[in-house]
$ cat final32.csv   # CSV, C-alpha atoms
chain,number,residue,atom,x,y,z
A,46,MET,CA,80.1,45.4,75.0
A,47,ASN,CA,81.2,43.9,71.7
A,48,ASN,CA,80.2,40.2,71.5
A,49,VAL,CA,82.2,39.6,68.3
A,50,ALA,CA,85.5,37.9,68.8
A,51,GLU,CA,88.5,40.1,68.1
A,52,ARG,CA,90.4,39.4,64.8
A,53,PRO,CA,94.1,38.4,65.2
A,54,LEU,CA,96.7,40.8,63.8
A,55,ASN,CA,98.7,39.9,60.7
A,56,GLY,CA,101.3,37.2,61.6
A,57,ASP,CA,99.5,36.2,64.8
A,58,VAL,CA,98.1,32.8,65.3
A,59,GLU,CA,94.8,32.1,67.0
A,60,ASP,CA,94.9,30.0,70.1
A,61,ASP,CA,92.4,27.1,69.6
A,62,ASP,CA,92.2,26.6,73.4
A,63,GLU,CA,90.7,30.1,73.8
A,64,ASP,CA,88.2,29.6,71.0
A,65,ASP,CA,85.0,28.8,72.7
A,66,GLY,CA,82.6,27.0,70.3
A,67,GLY,CA,84.9,27.3,67.3
A,68,GLY,CA,84.1,31.0,66.8
A,69,LEU,CA,80.5,30.1,65.9
A,70,GLU,CA,77.5,32.2,66.7
A,71,ALA,CA,74.8,30.7,69.0
A,72,TRP,CA,72.6,29.7,66.0
A,73,GLU,CA,75.5,28.2,64.2
A,74,ARG,CA,76.4,26.0,67.1
A,75,THR,CA,72.8,24.7,67.1
A,76,TYR,CA,73.2,23.4,63.5
A,77,ALA,CA,76.8,22.3,63.8
A,78,GLU,CA,75.7,19.0,65.6
A,79,ASP,CA,78.3,19.8,68.3
A,80,ARG,CA,78.4,17.1,71.0
A,81,SER,CA,75.6,15.2,69.2
A,82,TRP,CA,76.4,12.0,71.2
A,83,GLU,CA,74.7,13.7,74.2
A,84,ALA,CA,71.4,13.3,72.4
A,85,LEU,CA,71.6,9.5,72.6
A,86,GLN,CA,70.7,7.1,75.4
A,87,GLU,CA,70.9,3.4,75.8
A,88,ASP,CA,67.7,1.3,75.8
A,89,GLU,CA,66.9,-1.9,77.6
A,90,SER,CA,68.6,-4.1,74.9
A,91,GLY,CA,71.8,-2.1,75.0
A,92,LEU,CA,71.2,-0.2,71.7
A,93,LEU,CA,71.6,3.5,71.3
A,94,ARG,CA,68.6,5.6,70.4
A,95,PRO,CA,67.7,9.3,70.3
A,96,ILE,CA,66.4,10.8,73.6
A,97,ASP,CA,62.6,11.1,73.7
A,98,THR,CA,62.0,14.8,74.5
A,99,THR,CA,58.2,14.3,74.8
A,100,ALA,CA,58.3,13.7,78.5
A,101,ILE,CA,60.7,16.7,79.0
A,102,TYR,CA,58.4,19.0,77.0
A,103,HIS,CA,55.3,17.8,78.8
A,104,ALA,CA,57.0,18.4,82.2
A,105,GLN,CA,57.7,22.0,81.3
A,106,TYR,CA,54.2,22.4,80.0
A,107,ARG,CA,52.6,21.0,83.2
A,108,ARG,CA,54.8,23.4,85.3
A,109,ARG,CA,53.3,26.3,83.4
A,110,LEU,CA,49.8,24.9,84.0
A,111,ARG,CA,50.6,24.5,87.7
A,112,THR,CA,51.8,28.1,88.0
A,113,LEU,CA,48.6,29.4,86.2
A,114,ALA,CA,46.4,27.2,88.4
A,115,ALA,CA,48.1,28.5,91.6
A,116,THR,CA,47.7,32.1,90.4
A,117,ALA,CA,44.0,31.6,89.7
A,118,ALA,CA,43.4,29.9,93.1
A,119,THR,CA,44.9,32.8,95.1
A,120,ALA,CA,42.7,35.5,93.5
A,121,ARG,CA,39.7,35.8,91.2
A,122,ILE,CA,41.3,37.1,88.0
A,123,GLN,CA,39.2,39.2,85.6
A,124,LYS,CA,40.4,39.0,82.0
A,125,GLY,CA,39.7,41.2,79.0
A,126,LEU,CA,38.0,39.2,76.2
A,127,ILE,CA,37.7,42.2,73.8
A,128,ARG,CA,41.3,43.3,73.2
A,129,TYR,CA,42.6,46.0,70.9
A,130,LEU,CA,46.3,45.1,70.3
A,131,TYR,CA,48.9,47.0,68.2
A,132,ILE,CA,52.0,45.0,67.3
A,133,VAL,CA,55.0,47.3,66.8
A,134,VAL,CA,57.8,45.7,64.7
A,135,ASP,CA,61.2,47.3,64.8
A,136,LEU,CA,62.5,47.3,61.2
A,137,SER,CA,65.5,49.6,61.9
A,138,LYS,CA,69.0,48.6,60.6
A,139,ALA,CA,69.5,46.6,63.9
A,140,SER,CA,67.0,44.1,62.6
A,141,SER,CA,69.4,43.1,59.8
A,142,GLU,CA,71.8,41.6,62.4
A,143,ARG,CA,72.3,37.8,61.8
A,144,ASP,CA,72.6,36.6,65.4
A,145,PHE,CA,69.2,35.1,64.7
A,146,ARG,CA,69.1,32.9,61.6
A,147,PRO,CA,68.8,34.0,58.9
A,148,SER,CA,68.2,37.5,60.4
A,149,ARG,CA,66.3,39.2,63.2
A,150,MET,CA,63.9,40.6,60.6
A,151,ALA,CA,63.1,37.2,59.1
A,152,VAL,CA,62.6,35.6,62.5
A,153,MET,CA,60.3,38.4,63.6
A,154,GLY,CA,58.2,38.1,60.4
A,155,LYS,CA,57.9,34.4,60.8
A,156,GLN,CA,56.9,34.5,64.5
A,157,VAL,CA,54.5,37.5,64.1
A,158,GLU,CA,52.6,35.5,61.4
A,159,ALA,CA,52.3,32.6,63.8
A,160,PHE,CA,51.3,34.9,66.7
A,161,ILE,CA,48.6,36.6,64.7
A,162,ARG,CA,46.9,33.3,63.8
A,163,GLU,CA,47.2,32.0,67.4
A,164,PHE,CA,45.9,35.4,68.7
A,165,PHE,CA,42.7,35.3,66.7
A,166,ASP,CA,42.2,31.6,67.5
A,167,GLN,CA,42.2,32.4,71.2
A,168,ASN,CA,40.7,35.9,71.0
A,169,PRO,CA,38.0,35.8,68.3
A,170,LEU,CA,36.4,39.0,69.5
A,171,SER,CA,39.6,41.0,69.5
A,172,HIS,CA,41.3,43.3,66.9
A,173,VAL,CA,44.9,43.7,65.8
A,174,GLY,CA,46.8,46.5,64.1
A,175,LEU,CA,50.4,46.6,62.8
A,176,VAL,CA,53.0,49.4,63.1
A,177,THR,CA,56.6,49.4,61.9
A,178,ILE,CA,59.5,51.5,63.0
A,179,LYS,CA,62.3,52.5,60.6
A,180,ASP,CA,64.2,55.7,59.6
A,181,GLY,CA,63.1,57.2,62.9
A,182,ILE,CA,59.5,57.2,61.8
A,183,ALA,CA,56.5,55.0,62.8
A,184,HIS,CA,54.3,53.7,60.0
A,185,CYS,CA,50.9,52.2,60.5
A,186,ILE,CA,50.6,49.4,57.9
A,187,THR,CA,47.2,48.0,59.0
A,188,GLU,CA,44.5,49.5,61.1
A,189,LEU,CA,42.7,47.6,63.8
A,190,GLY,CA,40.8,44.7,62.3
A,191,GLY,CA,39.8,41.1,62.7
A,192,SER,CA,41.3,39.5,59.5
A,193,PRO,CA,44.6,37.7,60.1
A,194,GLU,CA,45.3,37.2,56.4
A,195,SER,CA,45.1,40.9,55.6
A,196,HIS,CA,47.6,41.7,58.5
A,197,ILE,CA,50.0,38.9,57.4
A,198,LYS,CA,49.9,40.0,53.8
A,199,ALA,CA,50.6,43.6,54.6
A,200,LEU,CA,53.5,42.8,56.9
A,201,MET,CA,55.2,40.5,54.5
A,202,GLY,CA,55.2,43.3,51.9
A,203,LYS,CA,56.9,45.7,54.3
A,204,LEU,CA,59.9,43.7,55.6
A,205,GLU,CA,62.8,46.0,54.8
A,206,CYS,CA,65.3,47.4,57.3
A,207,SER,CA,66.7,50.9,57.3
A,208,GLY,CA,67.6,53.8,59.6
A,209,ASP,CA,67.2,54.1,63.4
A,210,ALA,CA,64.3,53.1,65.7
A,211,SER,CA,62.1,55.7,67.5
A,212,LEU,CA,60.2,54.3,70.5
A,213,GLN,CA,58.5,57.6,71.2
A,214,ASN,CA,57.1,58.0,67.7
A,215,ALA,CA,55.7,54.5,67.8
A,216,LEU,CA,54.0,55.1,71.1
A,217,GLU,CA,52.6,58.5,70.0
A,218,LEU,CA,51.2,56.9,66.9
A,219,VAL,CA,49.6,54.0,68.7
A,220,LEU,CA,48.3,56.4,71.4
A,221,GLY,CA,46.3,58.4,68.9
A,222,TYR,CA,44.6,55.2,67.6
A,223,LEU,CA,43.9,53.5,70.9
A,224,ASN,CA,42.5,56.7,72.5
A,225,GLN,CA,39.5,56.2,70.2
A,226,ILE,CA,38.7,52.8,71.6
A,227,PRO,CA,35.6,52.5,73.8
A,228,SER,CA,36.1,52.0,77.5
A,229,TYR,CA,35.1,48.3,77.4
A,230,GLY,CA,38.0,47.5,75.2
A,231,HIS,CA,41.4,46.5,76.7
A,232,ARG,CA,44.1,48.5,75.0
A,233,GLU,CA,47.5,46.8,74.5
A,234,VAL,CA,50.8,47.3,72.7
A,235,LEU,CA,53.3,44.6,72.0
A,236,ILE,CA,56.7,45.9,70.9
A,237,LEU,CA,59.3,43.7,69.2
A,238,TYR,CA,62.5,45.7,69.6
A,239,SER,CA,65.8,45.0,68.0
A,240,ALA,CA,67.8,48.2,68.5
A,241,LEU,CA,69.9,49.2,71.6
A,242,SER,CA,68.9,52.8,71.4
A,243,THR,CA,66.0,55.1,70.5
A,244,CYS,CA,66.1,58.3,68.4
A,245,ASP,CA,63.2,60.4,69.7
A,246,PRO,CA,62.1,64.0,68.9
A,247,GLY,CA,61.0,64.7,72.5
A,248,ASP,CA,60.7,63.5,76.0
A,249,LEU,CA,60.0,59.8,76.0
A,250,MET,CA,59.1,59.8,79.7
A,251,GLU,CA,56.2,62.1,79.1
A,252,THR,CA,54.9,59.8,76.4
A,253,ILE,CA,55.1,56.8,78.8
A,254,GLN,CA,53.0,58.7,81.3
A,255,LYS,CA,50.5,59.4,78.6
A,256,CYS,CA,50.2,55.7,77.9
A,257,LYS,CA,49.7,55.0,81.6
A,258,LYS,CA,47.0,57.7,81.8
A,259,SER,CA,45.3,56.3,78.8
A,260,LYS,CA,45.2,52.8,80.3
A,261,ILE,CA,47.4,51.2,77.6
A,262,ARG,CA,49.2,48.1,78.6
A,263,CYS,CA,52.7,48.1,76.9
A,264,SER,CA,54.8,44.9,76.7
A,265,VAL,CA,58.3,44.6,75.0
A,266,ILE,CA,60.2,41.7,73.7
A,267,GLY,CA,63.8,42.6,73.0
A,268,LEU,CA,66.1,40.8,70.6
A,269,ALA,CA,69.4,42.3,71.6
A,270,ALA,CA,69.9,43.2,75.3
A,271,GLU,CA,67.9,44.7,78.2
A,272,MET,CA,67.2,48.4,78.0
A,273,PHE,CA,66.2,50.5,81.0
A,274,VAL,CA,63.7,52.6,79.1
A,275,CYS,CA,61.9,49.5,77.8
A,276,LYS,CA,61.8,48.0,81.3
A,277,HIS,CA,60.5,51.3,82.7
A,278,LEU,CA,57.8,51.5,80.1
A,279,CYS,CA,56.5,48.0,81.0
A,280,GLN,CA,56.6,48.7,84.7
A,281,GLU,CA,54.7,51.9,84.4
A,282,THR,CA,51.9,50.5,82.2
A,283,GLY,CA,51.6,47.0,83.8
A,284,GLY,CA,53.1,45.1,80.9
A,285,THR,CA,55.9,42.5,80.7
A,286,TYR,CA,59.4,42.9,79.5
A,287,SER,CA,61.7,40.0,78.4
A,288,VAL,CA,64.7,39.5,76.1
A,289,ALA,CA,64.8,36.5,73.7
A,290,LEU,CA,67.9,34.2,73.8
A,291,ASP,CA,67.3,32.5,70.5
A,292,GLU,CA,64.5,31.8,68.0
A,293,SER,CA,62.7,29.1,70.1
A,294,HIS,CA,62.8,31.3,73.2
A,295,PHE,CA,61.5,34.2,71.1
A,296,LYS,CA,58.6,32.0,69.9
A,297,GLU,CA,57.8,31.0,73.4
A,298,LEU,CA,57.8,34.6,74.7
A,299,ILE,CA,55.6,36.0,71.9
A,300,LEU,CA,53.0,33.2,72.2
A,301,GLU,CA,52.6,34.0,75.9
A,302,HIS,CA,50.8,37.2,74.8
A,303,ALA,CA,48.1,35.3,72.9
A,304,PRO,CA,45.9,34.4,75.9
A,305,PRO,CA,44.1,37.5,77.4
A,306,PRO,CA,46.2,38.9,80.3
A,307,PRO,CA,44.7,39.7,83.7
A,308,ALA,CA,42.9,43.0,83.7
A,309,ILE,CA,44.5,45.9,85.6
A,310,ALA,CA,42.5,46.2,88.9
A,311,GLU,CA,41.7,49.9,88.7
A,312,TYR,CA,40.8,49.7,85.0
A,313,ALA,CA,38.6,46.5,85.2
A,314,THR,CA,35.1,47.8,85.0
A,315,ALA,CA,32.0,45.9,84.0
A,316,ASN,CA,30.2,47.1,80.9
A,317,LEU,CA,27.1,46.0,78.9
A,318,ILE,CA,28.0,45.9,75.2
A,319,LYS,CA,25.5,46.0,72.3
A,320,MET,CA,26.3,43.3,69.7
A,321,GLY,CA,24.7,42.2,66.6
A,322,PHE,CA,24.5,38.7,65.1
A,323,PRO,CA,24.3,39.2,61.3
A,324,GLN,CA,22.9,36.7,58.9
A,325,ARG,CA,24.8,35.3,55.9
A,326,SER,CA,23.9,37.0,52.7
A,327,ALA,CA,22.5,35.0,49.8
A,328,GLU,CA,25.0,33.7,47.3
A,329,GLY,CA,23.4,35.5,44.3
A,330,SER,CA,22.8,38.8,45.9
A,331,VAL,CA,24.7,41.9,44.9
A,332,ALA,CA,25.5,44.7,47.4
A,333,ILE,CA,28.2,47.3,48.1
A,334,CYS,CA,30.7,46.1,50.8
A,335,THR,CA,31.4,48.8,53.3
A,336,CYS,CA,34.8,47.2,54.0
A,337,HIS,CA,36.2,47.6,50.5
A,338,GLU,CA,33.7,50.2,49.2
A,339,GLU,CA,32.9,48.2,46.1
A,340,ALA,CA,30.1,46.0,44.8
A,341,LYS,CA,30.4,42.3,45.5
A,342,THR,CA,28.3,39.3,44.5
A,343,GLY,CA,27.3,36.7,47.1
A,344,GLY,CA,28.9,36.0,50.4
A,345,GLY,CA,29.3,38.5,53.3
A,346,TYR,CA,27.0,39.3,56.1
A,347,THR,CA,24.2,41.8,56.6
A,348,CYS,CA,24.2,44.1,59.6
A,349,PRO,CA,20.9,43.5,61.6
A,350,ARG,CA,20.6,47.3,62.4
A,351,CYS,CA,21.4,49.2,59.2
A,352,LYS,CA,21.3,46.3,56.7
A,353,VAL,CA,24.7,47.1,55.1
A,354,ARG,CA,27.1,44.4,53.8
A,355,VAL,CA,30.3,43.4,55.6
A,356,CYS,CA,32.8,40.8,54.4
A,357,GLU,CA,34.0,39.1,57.5
A,358,LEU,CA,33.3,38.7,61.3
A,359,PRO,CA,34.0,39.9,63.9
A,360,THR,CA,34.0,43.6,62.9
A,361,GLU,CA,32.4,46.9,63.7
A,362,CYS,CA,29.8,48.3,61.3
A,363,ARG,CA,31.2,51.4,59.7
A,364,VAL,CA,27.7,52.9,59.3
A,365,CYS,CA,26.0,52.4,62.7
A,366,GLY,CA,29.0,51.3,64.8
A,367,LEU,CA,27.4,48.1,66.0
A,368,THR,CA,29.8,45.3,67.0
A,369,LEU,CA,29.1,42.3,64.7
A,370,ILE,CA,30.0,38.8,65.8
A,371,SER,CA,28.8,35.2,65.4
A,372,SER,CA,27.8,32.9,68.1
A,373,PRO,CA,30.9,30.6,67.7
A,374,HIS,CA,33.1,33.6,68.3
A,375,LEU,CA,31.3,34.2,71.6
A,376,ALA,CA,31.5,30.5,72.6
A,377,ARG,CA,35.2,30.3,71.8
A,378,SER,CA,35.9,33.2,74.2
A,379,TYR,CA,34.0,31.5,77.0
A,380,HIS,CA,36.8,29.1,78.0
A,381,HIS,CA,39.1,31.9,79.2
A,382,LEU,CA,36.6,32.6,82.0
A,383,PHE,CA,36.2,29.0,83.1
A,384,PRO,CA,39.4,27.1,82.2
A,385,ILE,CA,39.5,23.4,82.3
A,386,VAL,CA,41.1,21.9,85.5
A,387,MET,CA,44.6,20.5,85.4
A,388,PHE,CA,44.8,16.7,85.0
A,389,ASP,CA,46.5,14.6,87.7
A,390,GLU,CA,49.7,12.7,86.8
A,391,VAL,CA,49.6,8.9,86.7
A,392,THR,CA,53.2,7.6,87.2
A,393,PRO,CA,54.1,4.0,86.1
A,394,SER,CA,54.7,3.1,89.8
A,395,SER,CA,51.1,4.0,90.8
A,396,GLN,CA,49.7,1.9,87.9
A,397,ASN,CA,51.2,-1.2,89.5
A,398,ASP,CA,48.7,-0.9,92.4
A,399,SER,CA,46.6,-4.0,92.5
A,400,ASN,CA,43.7,-2.2,94.1
A,401,ARG,CA,43.0,0.0,91.1
A,402,SER,CA,42.6,-0.9,87.4
A,403,PHE,CA,44.0,1.4,84.8
A,404,PRO,CA,43.1,1.3,81.0
A,405,ASN,CA,45.8,0.5,78.5
A,406,THR,CA,44.5,3.0,75.9
A,407,CYS,CA,44.0,6.7,75.9
A,408,PHE,CA,40.4,7.8,76.2
A,409,GLY,CA,41.0,10.6,73.7
A,410,CYS,CA,43.0,9.2,70.8
A,411,GLN,CA,42.6,5.4,71.7
A,412,GLN,CA,46.4,5.0,71.4
A,413,SER,CA,48.2,2.6,73.7
A,414,LEU,CA,49.5,3.9,77.0
A,415,LEU,CA,52.1,1.2,77.2
A,416,SER,CA,55.7,1.9,76.5
A,417,GLN,CA,58.4,-0.4,75.2
A,418,GLY,CA,58.2,-3.8,76.9
A,419,ASN,CA,54.4,-3.4,77.5
A,420,LYS,CA,55.2,-1.4,80.6
A,421,PRO,CA,52.9,1.5,81.7
A,422,GLY,CA,54.1,4.8,80.4
A,423,LEU,CA,53.4,8.4,81.6
A,424,SER,CA,49.8,9.5,81.5
A,425,VAL,CA,47.3,11.8,83.2
A,426,ILE,CA,43.8,11.3,84.6
A,427,CYS,CA,40.9,13.8,84.8
A,428,PRO,CA,40.0,14.4,88.5
A,429,LYS,CA,36.3,14.6,87.6
A,430,CYS,CA,35.5,11.9,85.1
A,431,LYS,CA,38.5,9.7,86.0
A,432,GLN,CA,39.3,9.0,82.4
A,433,GLN,CA,42.9,8.5,81.4
A,434,PHE,CA,44.7,10.4,78.7
A,435,CYS,CA,48.2,10.4,77.0
A,436,LEU,CA,50.6,13.3,77.2
A,437,ASP,CA,49.7,14.6,73.7
A,438,CYS,CA,46.0,14.6,74.4
A,439,ASP,CA,46.6,16.4,77.7
A,440,ILE,CA,48.2,19.3,75.8
A,441,TYR,CA,45.6,19.2,73.1
A,442,VAL,CA,42.7,19.3,75.6
A,443,HIS,CA,44.1,22.2,77.6
A,444,GLU,CA,45.5,24.3,74.7
A,445,SER,CA,43.0,23.7,71.8
A,446,LEU,CA,39.9,21.8,72.8
A,447,HIS,CA,39.3,23.4,76.2
A,448,ASN,CA,36.8,20.7,77.1
A,449,CYS,CA,37.4,17.3,78.6
A,450,PRO,CA,36.1,14.5,76.3
A,451,GLY,CA,35.4,12.2,79.2
A,452,CYS,CA,33.3,14.8,81.1
A,453,GLU,CA,31.4,15.8,77.9
A,454,SER,CA,30.7,12.2,77.0
A,455,SER,CA,29.4,11.4,80.5
A,456,ARG,CA,27.3,14.6,80.5
A,457,HIS,CA,25.8,13.6,77.1
A,458,SER,CA,25.0,10.1,78.3
A,459,LYS,CA,23.3,11.4,81.3
A,460,SER,CA,21.1,13.8,79.2
A,461,VAL,CA,20.2,10.9,76.9
A,462,THR,CA,19.2,8.7,79.8
A,463,ALA,CA,17.1,11.5,81.4
A,464,SER,CA,15.3,12.1,78.1
A,465,GLN,CA,14.3,8.4,77.9
$ encode --input "final32.csv" --output "structure tokens"
Amino acid sequence: MNNVAERPLNGDVEDDDEDDGGGLEAWERTYAEDRSWEALQEDESGLLRPIDTTAIYHAQYRRRLRTLAATAATARIQKGLIRYLYIVVDLSKASSERDFRPSRMAVMGKQVEAFIREFFDQNPLSHVGLVTIKDGIAHCITELGGSPESHIKALMGKLECSGDASLQNALELVLGYLNQIPSYGHREVLILYSALSTCDPGDLMETIQKCKKSKIRCSVIGLAAEMFVCKHLCQETGGTYSVALDESHFKELILEHAPPPPAIAEYATANLIKMGFPQRSAEGSVAICTCHEEAKTGGGYTCPRCKVRVCELPTECRVCGLTLISSPHLARSYHHLFPIVMFDEVTPSSQNDSNRSFPNTCFGCQQSLLSQGNKPGLSVICPKCKQQFCLDCDIYVHESLHNCPGCESSRHSKSVTASQ
């Protein structure tokens, strides 16, 4: 189906009544300020002001929290904290289409950069690799590693579109790398696919079965339209398949893959993993870095087993194979196993109850919880410590902090009292 409006013949006149949206693309209508008066509302004094979308965004956010909480309550979910993820970026000629502004390729590059940073923030023990598809060939531009800056720099230098996409070649390349991963690692592939076809040298269905046999979870985000083969790939390997409607939807879809997904039941096995906690090297010391194979002065870390130098953590020692991490990395992965409970909503009507007293300031940021006219606004309350928070602090506590400030302060005060 061609989604481009047909051009009129010479001498014909276009009918304005049939022109839906003025002949603009979806992204063009976003910036055309069409029907901008719908973004206004009347306040108590009769003046027009822009609609505050904070409450709408917070309602959507709490619906996602409620869904996750309901899923966790029905079953005990095991999650993989050590993930080995390959991001496959489609750089075929289909990525040069401009239905995403300024192009699909530019949008993918921007969102992959944001995703890599968010991924390592939530998964400090995990590793990422980058693969591109163009001219019918899959190219590995970065191997599995824990440095977000090196991945981003390598990707930005390879953003060029040409040729056709080959889904089979990408899966075969990733399959060869992920088969070397130890059994305790969770193998994943995230494919950002722009094309509506795949040019493969063999049977793609056999490759899909190889991925399933190798316990590789494959997920696809399409930028054009739904494809059966992509949906079949995700269904067979336990991944998710979705199609982005616009840039904001694409950002939402790709960030959903940042938290660790539930482990596949038959693949979720408990393993004891040997890890080393290396010490920071002295600033004036000179040693050969095993990452770059060159002499460096100062910085880096020393492997506790074989005493070689590495530049950054987390990583795997190239000499003895020991997994090297720091204690903060381990602590930051802990919140996925014991997530913070969802806060209860406090509506303005419930705050008018004379039997209960509610504070006028947020416990987190100390900002006022009163709206215009000194009326109580929307807020939330922790069911454990009974402290009240604003909507912004609610999102910050659940997405970034992963600890309730009220519960932590009460726990600290109790420990201080007990020590006295």
$ atom_distance --input "final32.csv" --atom1 "atom CA of A:Cys185" --atom2 "atom CA of A:Cys263"
17.0 Å
$ residues_around --input "final32.csv" --residues "A:Leu204" --least-positions-apart "6" --cutoff "12 Å" --atoms "only C-alpha atoms" --output "MDAnalysis selection string"
chainID A and resid 134:138 140:141 148:155 157 176:179 186 197:198
$ residues_around --input "final32.csv" --residues "stretch 342-348 of chain A" --least-positions-apart "6" --cutoff "6 Å" --atoms "only C-alpha atoms" --output "list of chain:residue names"
A:Pro323, A:Gln324, A:Arg325, A:Ser326, A:Ala327, A:Glu328, A:Gly329, A:Ser330, A:Val331, A:Arg354, A:Val355, A:Cys356
$ residues_around --input "final32.csv" --residues "A:Tyr441" --least-positions-apart "4" --cutoff "12 Å" --atoms "all atoms listed in the file" --output "number ranges by chain"
A: 103, 106, 385, 409-410, 434-437, 445-450
$ closest_residue --input "final32.csv" --among "A:Phe408, A:Phe383, A:Tyr131, A:Phe403" --to "A:Gly221" --atoms "only C-alpha atoms"
A:Tyr131
$ atom_distance --input "final32.csv" --atom1 "atom CA of A:Leu375" --atom2 "atom CA of A:Ala332"
27.0 Å
$ atom_distance --input "final32.csv" --atom1 "atom CA of A:Ile127" --atom2 "atom CA of A:Leu216"
21.0 Å
$ closest_residue --input "final32.csv" --among "A:Val364, A:Ile182, A:Ala199, A:Ile299" --to "A:Leu237" --atoms "all atoms listed in the file"
A:Ile299
$ closest_residue --input "final32.csv" --among "A:Ala289, A:Cys244, A:Ala303, A:Val133" --to "A:Leu200" --atoms "only C-alpha atoms"
A:Val133
$ axis_aligned_box --input "final32.csv" --around "stretch 208-219 of chain A" --padding-each-side "5 Å" --output "AutoDock Vina command-line options"
--center_x 58.6 --center_y 55.8 --center_z 65.4 --size_x 28.0 --size_y 15.4 --size_z 21.6
$ residues_around --input "final32.csv" --residues "A:Met320" --least-positions-apart "2" --cutoff "12 Å" --atoms "only C-alpha atoms" --output "list in words"
Leu170, Leu317, Ile318, Phe322, Pro323, Cys348, Pro349, Arg350, Leu358, Pro359, Thr360, Glu361, Cys362, Cys365, Gly366, Leu367, Thr368, Leu369, Ile370, Ser371, Ser372, His374 and Leu375 of chain A
$ residues_around --input "final32.csv" --residues "stretch 265-279 of chain A" --least-positions-apart "2" --cutoff "10 Å" --atoms "all atoms listed in the file" --output "ChimeraX atom specification"
/A:132-133,135,139-140,142,144-145,149,153,212,234-243,249-250,252-254,256-257,262-263,281-292,295,298-299
$ decode --input "final32.csv" --residues "stretch 423-427 of chain A" --atoms "all heavy atoms" --output "PDB file, in the first residue's frame"
ATOM      1  N   LEU A 423      -2.668  17.271  43.343  1.00  0.00           N
ATOM      2  CA  LEU A 423      -2.464  15.827  43.298  1.00  0.00           C
ATOM      3  C   LEU A 423      -1.139  15.466  43.956  1.00  0.00           C
ATOM      4  O   LEU A 423      -0.125  16.145  43.747  1.00  0.00           O
ATOM      5  CB  LEU A 423      -2.479  15.339  41.852  1.00  0.00           C
ATOM      6  CG  LEU A 423      -3.809  15.448  41.106  1.00  0.00           C
ATOM      7  CD1 LEU A 423      -3.634  15.037  39.646  1.00  0.00           C
ATOM      8  CD2 LEU A 423      -4.866  14.572  41.767  1.00  0.00           C
ATOM      9  N   SER A 424      -1.130  14.418  44.742  1.00  0.00           N
ATOM     10  CA  SER A 424       0.082  13.954  45.404  1.00  0.00           C
ATOM     11  C   SER A 424      -0.055  12.469  45.700  1.00  0.00           C
ATOM     12  O   SER A 424      -1.100  11.867  45.474  1.00  0.00           O
ATOM     13  CB  SER A 424       0.337  14.741  46.700  1.00  0.00           C
ATOM     14  OG  SER A 424      -0.753  14.583  47.593  1.00  0.00           O
ATOM     15  N   VAL A 425       1.014  11.874  46.200  1.00  0.00           N
ATOM     16  CA  VAL A 425       1.025  10.451  46.550  1.00  0.00           C
ATOM     17  C   VAL A 425       1.600  10.306  47.944  1.00  0.00           C
ATOM     18  O   VAL A 425       2.292  11.210  48.454  1.00  0.00           O
ATOM     19  CB  VAL A 425       1.852   9.630  45.537  1.00  0.00           C
ATOM     20  CG1 VAL A 425       1.185   9.624  44.167  1.00  0.00           C
ATOM     21  CG2 VAL A 425       3.272  10.159  45.433  1.00  0.00           C
ATOM     22  N   ILE A 426       1.324   9.163  48.563  1.00  0.00           N
ATOM     23  CA  ILE A 426       1.797   8.905  49.926  1.00  0.00           C
ATOM     24  C   ILE A 426       2.357   7.496  50.002  1.00  0.00           C
ATOM     25  O   ILE A 426       1.810   6.555  49.400  1.00  0.00           O
ATOM     26  CB  ILE A 426       0.643   9.105  50.944  1.00  0.00           C
ATOM     27  CG1 ILE A 426       1.172   9.016  52.367  1.00  0.00           C
ATOM     28  CG2 ILE A 426      -0.485   8.114  50.707  1.00  0.00           C
ATOM     29  CD1 ILE A 426       0.151   9.410  53.411  1.00  0.00           C
ATOM     30  N   CYS A 427       3.490   7.346  50.684  1.00  0.00           N
ATOM     31  CA  CYS A 427       4.106   6.031  50.848  1.00  0.00           C
ATOM     32  C   CYS A 427       3.273   5.203  51.830  1.00  0.00           C
ATOM     33  O   CYS A 427       2.979   5.673  52.942  1.00  0.00           O
ATOM     34  CB  CYS A 427       5.536   6.184  51.356  1.00  0.00           C
ATOM     35  SG  CYS A 427       6.363   4.613  51.704  1.00  0.00           S
TER      36      CYS A 427
END
